[in-house]
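Listing of structure.txt; format and content: compact mmCIF, C-alpha atoms.
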# COMPACT_ATOMS: atom_id res chain seq x y z
CA MET A 1 0.00 0.00 0.00
CA SER A 2 1.46 3.33 -1.06
CA ARG A 3 1.91 6.10 1.43
CA ALA A 4 -0.71 8.36 -0.16
CA LEU A 5 -3.21 5.52 -0.03
CA LYS A 6 -2.38 4.86 3.60
CA ASP A 7 -3.02 8.51 4.41
CA ILE A 8 -6.41 8.37 2.77
CA VAL A 9 -7.38 5.18 4.55
CA THR A 10 -6.25 6.68 7.86
CA ALA A 11 -8.22 9.85 7.13
CA TYR A 12 -11.31 7.77 6.41
CA LYS A 13 -10.93 5.68 9.54
CA ASN A 14 -10.33 8.73 11.73
CA MET A 15 -13.41 10.48 10.41
CA ASP A 16 -15.58 10.29 13.52
CA ILE A 17 -18.78 11.22 11.76
CA GLU A 18 -21.04 9.54 14.31
CA ASN A 19 -19.99 11.98 17.00
CA ILE A 20 -20.27 15.25 15.11
CA SER A 21 -22.70 17.26 17.18
CA VAL A 22 -25.96 18.06 15.48
CA VAL A 23 -27.93 21.21 16.18
CA LYS A 24 -31.40 20.07 17.16
CA GLU A 25 -34.31 22.44 17.17
CA ASP A 26 -35.81 23.10 20.57
CA THR A 27 -39.39 21.82 20.45
CA SER A 28 -40.31 22.70 24.02
CA SER A 29 -41.49 26.21 23.16
CA LYS A 30 -43.10 27.31 19.94
CA GLY A 31 -43.34 31.03 20.46
CA LEU A 32 -41.91 33.63 18.20
CA VAL A 33 -39.37 34.61 20.83
CA LYS A 34 -38.13 31.08 21.40
CA LYS A 35 -34.43 30.53 21.55
CA ARG A 36 -33.01 29.68 18.19
CA PRO A 37 -30.41 26.96 17.87
CA THR A 38 -26.94 28.35 17.84
CA MET A 39 -24.38 27.21 15.35
CA ASN A 40 -21.56 27.35 17.88
CA SER A 41 -21.77 23.68 18.79
CA ILE A 42 -20.32 22.69 15.42
CA ASP A 43 -16.90 23.84 14.40
CA TYR A 44 -17.71 24.91 10.87
CA LYS A 45 -14.26 26.35 10.41
CA ASN A 46 -12.83 22.86 10.59
CA PRO A 47 -12.87 21.44 7.05
CA ALA A 48 -12.91 17.90 8.39
CA VAL A 49 -16.22 18.65 10.11
CA ARG A 50 -17.69 19.95 6.88
CA VAL A 51 -16.57 16.82 5.06
CA GLY A 52 -17.82 14.69 7.95
CA GLN A 53 -21.27 16.20 7.73
CA GLN A 54 -21.51 15.42 4.05
CA MET A 55 -20.25 11.93 4.76
CA ARG A 56 -22.89 11.38 7.38
CA VAL A 57 -25.65 12.19 4.92
CA ILE A 58 -24.24 9.69 2.45
CA ARG A 59 -23.72 7.05 5.14
CA ASN A 60 -27.31 7.42 6.29
CA TYR A 61 -28.36 6.91 2.69
CA ARG A 62 -26.18 3.80 2.52
CA LYS A 63 -27.75 2.47 5.69
CA GLY A 64 -31.14 3.03 4.11
CA ILE A 65 -30.07 0.98 1.10
CA GLU A 66 -28.73 -1.82 3.32
CA ASP A 67 -31.89 -1.91 5.42
CA ALA A 68 -34.16 -2.01 2.39
CA MET B 1 10.56 -10.04 -9.57
CA LEU B 2 13.58 -8.71 -11.41
CA ASN B 3 13.24 -7.52 -14.98
CA SER B 4 16.05 -8.61 -17.25
CA GLU B 5 15.31 -5.80 -19.71
CA PRO B 6 15.36 -2.13 -18.76
CA SER B 7 12.04 -0.31 -18.83
CA PHE B 8 11.97 2.89 -20.84
CA ASP B 9 8.36 3.67 -20.00
CA ALA B 10 9.33 6.27 -17.43
CA PRO B 11 10.04 10.00 -17.40
CA ILE B 12 13.59 11.08 -18.15
CA PRO B 13 15.33 12.36 -15.03
CA GLY B 14 14.83 16.11 -14.90
CA GLN B 15 11.94 16.03 -17.35
CA SER B 16 9.70 17.86 -14.90
CA LEU B 17 12.14 20.78 -14.89
CA VAL B 18 12.17 21.46 -18.63
CA ALA B 19 8.74 23.08 -18.73
CA GLU B 20 8.32 26.71 -17.78
CA LEU B 21 7.34 27.25 -14.18
CA GLY B 22 3.58 27.62 -14.16
CA ALA B 23 3.10 25.80 -17.45
CA ARG B 24 1.65 22.76 -15.70
CA PRO B 25 -1.86 22.89 -14.27
CA TRP B 26 -0.69 21.86 -10.80
CA GLN B 27 1.78 24.73 -10.72
CA THR B 28 -0.92 27.33 -11.17
CA PRO B 29 -3.37 28.48 -8.47
CA SER B 30 -6.03 25.83 -8.07
CA GLN B 31 -9.54 26.33 -9.37
CA TYR B 32 -11.30 25.31 -6.14
CA THR B 33 -9.66 26.70 -3.08
CA THR B 34 -12.00 25.52 -0.34
CA VAL B 35 -13.28 22.14 0.73
CA ASP B 36 -16.86 23.21 0.05
CA GLU B 37 -16.07 24.13 -3.53
CA ALA B 38 -14.23 20.86 -4.03
CA ILE B 39 -17.16 18.88 -2.57
CA GLU B 40 -19.56 20.69 -4.88
CA TYR B 41 -17.32 19.91 -7.84
CA TYR B 42 -17.13 16.23 -7.01
CA MET B 43 -20.82 15.93 -6.18
CA SER B 44 -21.82 17.35 -9.53
CA ARG B 45 -19.29 15.21 -11.34
CA MET B 46 -19.82 11.93 -9.54
CA THR B 47 -23.58 11.93 -9.67
CA THR B 48 -23.72 11.86 -13.44
CA GLU B 49 -24.98 8.63 -14.96
CA GLU B 50 -21.87 8.24 -17.10
CA PHE B 51 -19.56 8.41 -14.09
CA MET B 52 -21.73 6.12 -11.99
CA VAL B 53 -21.79 3.39 -14.63
CA GLN B 54 -18.04 3.59 -15.11
CA ALA B 55 -17.32 3.63 -11.38
CA VAL B 56 -19.49 0.57 -10.79
CA ASP B 57 -17.68 -1.24 -13.62
CA VAL B 58 -14.30 -0.41 -12.10
CA LEU B 59 -15.41 -1.51 -8.63
CA GLU B 60 -16.73 -4.75 -10.06
CA THR B 61 -13.34 -5.52 -11.56
CA GLY B 62 -11.93 -5.63 -8.02
CA VAL B 63 -10.28 -2.23 -7.73
CA PRO B 64 -10.53 -1.14 -4.07
CA VAL B 65 -12.56 1.93 -3.21
CA ALA B 66 -9.58 3.61 -1.54
CA THR B 67 -7.44 3.21 -4.65
CA LEU B 68 -10.15 4.58 -6.90
CA ALA B 69 -10.79 7.56 -4.62
CA ASN B 70 -7.07 8.27 -4.52
CA THR B 71 -6.83 8.13 -8.29
CA ILE B 72 -9.78 10.48 -8.71
CA GLN B 73 -8.44 13.07 -6.30
CA LEU B 74 -4.90 12.86 -7.71
CA ALA B 75 -6.22 13.34 -11.24
CA SER B 76 -7.99 16.48 -10.09
CA VAL B 77 -4.78 17.72 -8.47
CA MET B 78 -2.97 17.15 -11.77
CA GLU B 79 -5.68 19.04 -13.62
CA GLY B 80 -5.24 21.95 -11.23
CA LYS B 81 -8.75 21.65 -9.82
CA HIS B 82 -7.63 21.72 -6.19
CA THR B 83 -4.55 21.34 -4.05
CA LEU B 84 -3.23 18.07 -2.68
CA ASP B 85 -4.27 19.08 0.85
CA ILE B 86 -7.87 19.53 -0.20
CA GLY B 87 -7.65 16.25 -2.08
CA ILE B 88 -6.67 14.39 1.09
CA LEU B 89 -9.43 16.14 3.04
CA VAL B 90 -12.07 15.28 0.46
CA ALA B 91 -10.87 11.70 -0.16
CA PRO B 92 -12.96 10.13 2.67
CA LEU B 93 -16.05 11.68 1.14
CA LEU B 94 -15.13 10.28 -2.26
CA MET B 95 -14.73 6.85 -0.69
CA GLU B 96 -18.13 7.11 0.95
CA LEU B 97 -19.66 8.22 -2.36
CA LEU B 98 -18.08 5.31 -4.22
CA MET B 99 -19.29 2.86 -1.57
CA MET B 100 -22.76 4.32 -1.93
CA LEU B 101 -22.60 3.77 -5.68
CA GLY B 102 -21.52 0.19 -5.08
CA ASP B 103 -24.31 -0.39 -2.58
CA SER B 104 -26.87 1.18 -4.90
CA ALA B 105 -25.76 -1.06 -7.74
CA GLY B 106 -25.87 -4.09 -5.44
CA ILE B 107 -22.35 -5.24 -6.25
CA GLU B 108 -19.66 -6.65 -4.03
CA TYR B 109 -16.63 -4.41 -3.84
CA LYS B 110 -13.37 -4.13 -1.96
CA THR B 111 -13.12 -1.20 0.42
CA GLY B 112 -9.32 -1.26 0.64
CA LEU B 113 -9.53 -0.31 4.31
CA ASP B 114 -7.74 -3.44 5.50
CA ASP B 115 -4.00 -3.17 5.59
CA PRO B 116 -2.61 -5.98 3.39
CA ASP B 117 0.73 -5.81 5.21
CA ILE B 118 -0.86 -6.86 8.48
CA LYS B 119 -1.13 -10.51 7.39
CA LYS B 120 2.48 -10.71 6.26
CA THR B 121 4.99 -12.39 8.52
CA ARG B 122 7.38 -9.87 9.93
CA PRO B 123 11.09 -10.41 9.22
CA THR B 124 11.74 -9.62 12.88
CA PHE B 125 9.51 -12.53 13.85
CA PHE B 126 11.69 -14.85 11.76
CA ALA B 127 14.84 -13.44 13.36
CA LYS B 128 13.37 -13.92 16.83
CA PHE B 129 12.31 -17.50 16.05
CA LEU B 130 15.72 -18.31 14.57
CA LYS B 131 17.53 -16.93 17.62
CA LYS B 132 15.33 -19.00 19.97
CA TYR B 133 15.95 -22.09 17.88
CA ASN B 134 19.71 -21.55 17.85
CA ASP B 135 19.78 -20.92 21.61
CA ASN B 136 17.76 -24.07 22.20
CA LEU B 137 20.04 -26.05 19.94
CA ALA B 138 23.19 -24.72 21.63
CA SER B 139 21.91 -25.67 25.08
CA LYS B 140 21.33 -29.32 24.07
CA ASP B 141 23.86 -32.00 23.36
CA ILE B 142 23.57 -33.08 19.70
CA GLN B 143 24.30 -36.72 20.52
CA GLU B 144 21.42 -36.65 23.00
CA ILE B 145 19.03 -35.36 20.33
CA VAL B 146 20.20 -38.01 17.85
CA ASP B 147 19.66 -40.75 20.45
CA GLU B 148 16.17 -39.42 21.25
CA SER B 149 15.18 -39.39 17.59
CA ASN B 150 16.56 -42.92 17.09
CA GLU B 151 14.53 -44.18 20.03
CA GLU B 152 11.38 -42.61 18.62
CA GLU B 153 12.00 -44.17 15.23
CA GLU B 154 12.45 -47.58 16.81
CA LYS B 155 9.20 -47.22 18.70
CA ASP B 156 7.38 -46.22 15.50
CA GLU B 157 8.80 -49.22 13.69
CA GLU B 158 7.62 -51.56 16.44
CA ARG B 159 4.06 -50.29 16.17
CA SER B 160 3.88 -50.18 12.41
CA GLY B 161 2.34 -53.65 11.87
CA LEU B 162 -1.34 -54.17 11.16
CA MET B 163 -1.75 -56.29 14.23
CA ALA B 164 0.21 -53.92 16.42
CA ARG B 165 -1.42 -53.26 19.72
CA ARG B 166 -2.93 -49.86 19.86
CA THR B 167 -2.20 -47.76 22.91
Now that the file is in, can you turn its structure into C-alpha cells?
Amino acid sequence: MSRALKDIVTAYKNMDIENISVVKEDTSSKGLVKKRPTMNSIDYKNPAVRVGQQMRVIRNYRKGIEDA
Amino acid sequence: MLNSEPSFDAPIPGQSLVAELGARPWQTPSQYTTVDEAIEYYMSRMTTEEFMVQAVDVLETGVPVATLANTIQLASVMEGKHTLDIGILVAPLLMELLMMLGDSAGIEYKTGLDDPDIKKTRPTFFAKFLKKYNDNLASKDIQEIVDESNEEEEKDEERSGLMARRT
C-alpha cells in the first residue's frame, strides 16, 4: 500500500462522523421569541467537520439501502 | 521479480524541470480553493450517470474503493482543480460516495480499508524465532538429540504392523 493511499485510509478511519454534534431544534417552546439553535456547537471552520457532515448524509443513505 | 530488460516507460530524469514554471496545471493556483467548492465539484461530477456506470464497472473488476478515490483526487490535483491538501481532506467523502454507488448497484466491492501488510509475517519474527531455535540447539547436546530421535523411530517401527497393539 502506497503512502498516499495509507493517508487516505487513515483519514477515512479517523473520520468520527457519528460523533459530530448536530444542532437540534428546541421543540419545548413554539413562540416567536423562542431561543433559536446556535451554530456554535459545530466547528464549521474545521474542514474535516464539513466533510464529515456530508459523509454522514451519504452514510445514512447507505444504511437506508442496506436496510431495504 | 527482477526484470532482465530495462524499462523505458518512465520520465527522463529532470523532465519535470524542462517546462516553464507555471506551465503545468498543478503549478498554477487551483480552481477550487475551499473544501466546500471541491465537494460541490465532485458531487456534480460523480452523480452523473456516465460516471456512476463507469465507477461501478471499475469496482466490479476488483479495484478497491480507496485506490479509486485516490486516483480520482490525484487526477484532479494534476488538472489543477484543487490542491493536494484539499484532495486528502475530500478523499474520505469520495470513498463514501463510491461505496454508496456500489451499494446502490448491489455489487460486491473491496473497500481497501484493511492493511494488506498486516497478514504478512514480519522479518523480525523470523529473526526472533531463529535466535530461539539456535539458543535451544546450543543448550542441548547433539548426541542426545540423535539418540532421542533414534529411540522414537524404533518405537514407531515396532508399532507399524497391522496387528500392532494400539495404545
Do you know which residues lie at most 12 Å from (-23.1, -4.1, -1.7), with coordinates as in the file and all atoms listed in the file counted, and could you write them as a PDB file with C-alpha atoms, keeping the file's coordinate frame?
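Ended up saving to point15.pdb:
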ATOM      1  CA  ARG A  62     -26.180   3.800   2.520  1.00  0.00           C
ATOM      2  CA  LYS A  63     -27.750   2.470   5.690  1.00  0.00           C
ATOM      3  CA  ILE A  65     -30.070   0.980   1.100  1.00  0.00           C
ATOM      4  CA  GLU A  66     -28.730  -1.820   3.320  1.00  0.00           C
ATOM      5  CA  ASP A  67     -31.890  -1.910   5.420  1.00  0.00           C
ATOM      6  CA  ALA A  68     -34.160  -2.010   2.390  1.00  0.00           C
TER       7      ALA A  68
ATOM      8  CA  VAL B  56     -19.490   0.570 -10.790  1.00  0.00           C
ATOM      9  CA  LEU B  59     -15.410  -1.510  -8.630  1.00  0.00           C
ATOM     10  CA  GLU B  60     -16.730  -4.750 -10.060  1.00  0.00           C
ATOM     11  CA  LEU B  98     -18.080   5.310  -4.220  1.00  0.00           C
ATOM     12  CA  MET B  99     -19.290   2.860  -1.570  1.00  0.00           C
ATOM     13  CA  MET B 100     -22.760   4.320  -1.930  1.00  0.00           C
ATOM     14  CA  LEU B 101     -22.600   3.770  -5.680  1.00  0.00           C
ATOM     15  CA  GLY B 102     -21.520   0.190  -5.080  1.00  0.00           C
ATOM     16  CA  ASP B 103     -24.310  -0.390  -2.580  1.00  0.00           C
ATOM     17  CA  SER B 104     -26.870   1.180  -4.900  1.00  0.00           C
ATOM     18  CA  ALA B 105     -25.760  -1.060  -7.740  1.00  0.00           C
ATOM     19  CA  GLY B 106     -25.870  -4.090  -5.440  1.00  0.00           C
ATOM     20  CA  ILE B 107     -22.350  -5.240  -6.250  1.00  0.00           C
ATOM     21  CA  GLU B 108     -19.660  -6.650  -4.030  1.00  0.00           C
ATOM     22  CA  TYR B 109     -16.630  -4.410  -3.840  1.00  0.00           C
ATOM     23  CA  LYS B 110     -13.370  -4.130  -1.960  1.00  0.00           C
ATOM     24  CA  THR B 111     -13.120  -1.200   0.420  1.00  0.00           C
TER      25      THR B 111
END
Residues near Asp16 in chain A, cut-off 12 Å, all atoms listed in the file, skip fewer than 6 positions along chain, as a ChimeraX atom specification: /A:10,48-53,55-56 /B:92
Starting from chain B, keep only residues with some atom at most 10 Å from an atom of chain A, counting all atoms listed in the file, and report them as an mmCIF file with C-alpha atoms, in the frame of the given file.
data_model
loop_
_atom_site.group_PDB
_atom_site.id
_atom_site.type_symbol
_atom_site.label_atom_id
_atom_site.label_comp_id
_atom_site.auth_asym_id
_atom_site.auth_seq_id
_atom_site.Cartn_x
_atom_site.Cartn_y
_atom_site.Cartn_z
ATOM 1 C CA THR B 34 -12.000 25.520 -0.340
ATOM 2 C CA VAL B 35 -13.280 22.140 0.730
ATOM 3 C CA ASP B 36 -16.860 23.210 0.050
ATOM 4 C CA ILE B 39 -17.160 18.880 -2.570
ATOM 5 C CA VAL B 65 -12.560 1.930 -3.210
ATOM 6 C CA ALA B 66 -9.580 3.610 -1.540
ATOM 7 C CA THR B 67 -7.440 3.210 -4.650
ATOM 8 C CA LEU B 68 -10.150 4.580 -6.900
ATOM 9 C CA ALA B 69 -10.790 7.560 -4.620
ATOM 10 C CA ASN B 70 -7.070 8.270 -4.520
ATOM 11 C CA THR B 71 -6.830 8.130 -8.290
ATOM 12 C CA LEU B 74 -4.900 12.860 -7.710
ATOM 13 C CA ILE B 86 -7.870 19.530 -0.200
ATOM 14 C CA GLY B 87 -7.650 16.250 -2.080
ATOM 15 C CA ILE B 88 -6.670 14.390 1.090
ATOM 16 C CA LEU B 89 -9.430 16.140 3.040
ATOM 17 C CA VAL B 90 -12.070 15.280 0.460
ATOM 18 C CA ALA B 91 -10.870 11.700 -0.160
ATOM 19 C CA PRO B 92 -12.960 10.130 2.670
ATOM 20 C CA LEU B 93 -16.050 11.680 1.140
ATOM 21 C CA LEU B 94 -15.130 10.280 -2.260
ATOM 22 C CA MET B 95 -14.730 6.850 -0.690
ATOM 23 C CA GLU B 96 -18.130 7.110 0.950
ATOM 24 C CA LEU B 97 -19.660 8.220 -2.360
ATOM 25 C CA MET B 99 -19.290 2.860 -1.570
ATOM 26 C CA MET B 100 -22.760 4.320 -1.930
ATOM 27 C CA LEU B 101 -22.600 3.770 -5.680
ATOM 28 C CA GLY B 102 -21.520 0.190 -5.080
ATOM 29 C CA ASP B 103 -24.310 -0.390 -2.580
ATOM 30 C CA SER B 104 -26.870 1.180 -4.900
ATOM 31 C CA GLY B 106 -25.870 -4.090 -5.440
ATOM 32 C CA THR B 111 -13.120 -1.200 0.420
ATOM 33 C CA GLY B 112 -9.320 -1.260 0.640
ATOM 34 C CA LEU B 113 -9.530 -0.310 4.310
ATOM 35 C CA ASP B 114 -7.740 -3.440 5.500
ATOM 36 C CA ASP B 115 -4.000 -3.170 5.590
ATOM 37 C CA PRO B 116 -2.610 -5.980 3.390
ATOM 38 C CA ASP B 117 0.730 -5.810 5.210
#
Å distance separating CA of Ile72 in chain B from CA of Val58 in chain B, one decimal place: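 Value for the CA of Ile72 in chain B-CA of Val58 in chain B distance: 12.3 Å.
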For range 40-67 of chain A, where the input has fewer atoms than it should, I would like N, CA and C atoms rebuilt and written as a PDB file, in the coordinates of the input.
ATOM      1  N   ASN A  40     -22.887  27.419  17.258  1.00  0.00           N
ATOM      2  CA  ASN A  40     -21.560  27.350  17.880  1.00  0.00           C
ATOM      3  C   ASN A  40     -21.132  25.929  18.223  1.00  0.00           C
ATOM      4  N   SER A  41     -22.122  25.028  18.345  1.00  0.00           N
ATOM      5  CA  SER A  41     -21.770  23.680  18.790  1.00  0.00           C
ATOM      6  C   SER A  41     -20.992  22.913  17.724  1.00  0.00           C
ATOM      7  N   ILE A  42     -21.060  23.353  16.491  1.00  0.00           N
ATOM      8  CA  ILE A  42     -20.320  22.690  15.420  1.00  0.00           C
ATOM      9  C   ILE A  42     -19.208  23.615  14.944  1.00  0.00           C
ATOM     10  N   ASP A  43     -18.055  23.051  14.842  1.00  0.00           N
ATOM     11  CA  ASP A  43     -16.900  23.840  14.400  1.00  0.00           C
ATOM     12  C   ASP A  43     -16.888  23.879  12.872  1.00  0.00           C
ATOM     13  N   TYR A  44     -17.602  24.848  12.330  1.00  0.00           N
ATOM     14  CA  TYR A  44     -17.710  24.910  10.870  1.00  0.00           C
ATOM     15  C   TYR A  44     -16.423  25.363  10.196  1.00  0.00           C
ATOM     16  N   LYS A  45     -15.528  25.917  11.015  1.00  0.00           N
ATOM     17  CA  LYS A  45     -14.260  26.350  10.410  1.00  0.00           C
ATOM     18  C   LYS A  45     -13.355  25.165  10.123  1.00  0.00           C
ATOM     19  N   ASN A  46     -13.643  24.064  10.806  1.00  0.00           N
ATOM     20  CA  ASN A  46     -12.830  22.860  10.590  1.00  0.00           C
ATOM     21  C   ASN A  46     -13.298  22.159   9.314  1.00  0.00           C
ATOM     22  N   PRO A  47     -12.435  22.071   8.321  1.00  0.00           N
ATOM     23  CA  PRO A  47     -12.870  21.440   7.050  1.00  0.00           C
ATOM     24  C   PRO A  47     -13.240  19.980   7.212  1.00  0.00           C
ATOM     25  N   ALA A  48     -12.594  19.310   8.172  1.00  0.00           N
ATOM     26  CA  ALA A  48     -12.910  17.900   8.390  1.00  0.00           C
ATOM     27  C   ALA A  48     -14.356  17.730   8.862  1.00  0.00           C
ATOM     28  N   VAL A  49     -14.833  18.699   9.637  1.00  0.00           N
ATOM     29  CA  VAL A  49     -16.220  18.650  10.110  1.00  0.00           C
ATOM     30  C   VAL A  49     -17.180  18.822   8.935  1.00  0.00           C
ATOM     31  N   ARG A  50     -16.828  19.712   8.058  1.00  0.00           N
ATOM     32  CA  ARG A  50     -17.690  19.950   6.880  1.00  0.00           C
ATOM     33  C   ARG A  50     -17.755  18.684   6.015  1.00  0.00           C
ATOM     34  N   VAL A  51     -16.599  18.063   5.840  1.00  0.00           N
ATOM     35  CA  VAL A  51     -16.570  16.820   5.060  1.00  0.00           C
ATOM     36  C   VAL A  51     -17.354  15.733   5.813  1.00  0.00           C
ATOM     37  N   GLY A  52     -17.137  15.701   7.132  1.00  0.00           N
ATOM     38  CA  GLY A  52     -17.820  14.690   7.950  1.00  0.00           C
ATOM     39  C   GLY A  52     -19.324  14.792   7.873  1.00  0.00           C
ATOM     40  N   GLN A  53     -19.815  16.024   7.822  1.00  0.00           N
ATOM     41  CA  GLN A  53     -21.270  16.200   7.730  1.00  0.00           C
ATOM     42  C   GLN A  53     -21.827  15.671   6.408  1.00  0.00           C
ATOM     43  N   GLN A  54     -21.087  15.940   5.364  1.00  0.00           N
ATOM     44  CA  GLN A  54     -21.510  15.420   4.050  1.00  0.00           C
ATOM     45  C   GLN A  54     -21.470  13.894   4.051  1.00  0.00           C
ATOM     46  N   MET A  55     -20.400  13.383   4.696  1.00  0.00           N
ATOM     47  CA  MET A  55     -20.250  11.930   4.760  1.00  0.00           C
ATOM     48  C   MET A  55     -21.390  11.280   5.527  1.00  0.00           C
ATOM     49  N   ARG A  56     -21.811  11.958   6.571  1.00  0.00           N
ATOM     50  CA  ARG A  56     -22.890  11.380   7.380  1.00  0.00           C
ATOM     51  C   ARG A  56     -24.189  11.246   6.586  1.00  0.00           C
ATOM     52  N   VAL A  57     -24.443  12.250   5.773  1.00  0.00           N
ATOM     53  CA  VAL A  57     -25.650  12.190   4.920  1.00  0.00           C
ATOM     54  C   VAL A  57     -25.580  10.977   3.995  1.00  0.00           C
ATOM     55  N   ILE A  58     -24.401  10.813   3.393  1.00  0.00           N
ATOM     56  CA  ILE A  58     -24.240   9.690   2.450  1.00  0.00           C
ATOM     57  C   ILE A  58     -24.301   8.359   3.190  1.00  0.00           C
ATOM     58  N   ARG A  59     -23.692   8.320   4.382  1.00  0.00           N
ATOM     59  CA  ARG A  59     -23.720   7.050   5.140  1.00  0.00           C
ATOM     60  C   ARG A  59     -25.144   6.681   5.562  1.00  0.00           C
ATOM     61  N   ASN A  60     -25.908   7.694   5.951  1.00  0.00           N
ATOM     62  CA  ASN A  60     -27.310   7.420   6.290  1.00  0.00           C
ATOM     63  C   ASN A  60     -28.059   6.857   5.086  1.00  0.00           C
ATOM     64  N   TYR A  61     -27.739   7.405   3.922  1.00  0.00           N
ATOM     65  CA  TYR A  61     -28.360   6.910   2.690  1.00  0.00           C
ATOM     66  C   TYR A  61     -27.956   5.462   2.437  1.00  0.00           C
ATOM     67  N   ARG A  62     -26.674   5.177   2.693  1.00  0.00           N
ATOM     68  CA  ARG A  62     -26.180   3.800   2.520  1.00  0.00           C
ATOM     69  C   ARG A  62     -26.878   2.838   3.465  1.00  0.00           C
ATOM     70  N   LYS A  63     -27.058   3.321   4.709  1.00  0.00           N
ATOM     71  CA  LYS A  63     -27.750   2.470   5.690  1.00  0.00           C
ATOM     72  C   LYS A  63     -29.170   2.170   5.227  1.00  0.00           C
ATOM     73  N   GLY A  64     -29.798   3.200   4.647  1.00  0.00           N
ATOM     74  CA  GLY A  64     -31.140   3.030   4.110  1.00  0.00           C
ATOM     75  C   GLY A  64     -31.183   1.972   3.014  1.00  0.00           C
ATOM     76  N   ILE A  65     -30.146   1.981   2.179  1.00  0.00           N
ATOM     77  CA  ILE A  65     -30.070   0.980   1.100  1.00  0.00           C
ATOM     78  C   ILE A  65     -29.887  -0.413   1.690  1.00  0.00           C
ATOM     79  N   GLU A  66     -29.000  -0.510   2.704  1.00  0.00           N
ATOM     80  CA  GLU A  66     -28.730  -1.820   3.320  1.00  0.00           C
ATOM     81  C   GLU A  66     -29.959  -2.364   4.031  1.00  0.00           C
ATOM     82  N   ASP A  67     -30.701  -1.470   4.685  1.00  0.00           N
ATOM     83  CA  ASP A  67     -31.890  -1.910   5.420  1.00  0.00           C
ATOM     84  C   ASP A  67     -33.016  -2.343   4.485  1.00  0.00           C
TER      85      ASP A  67
END
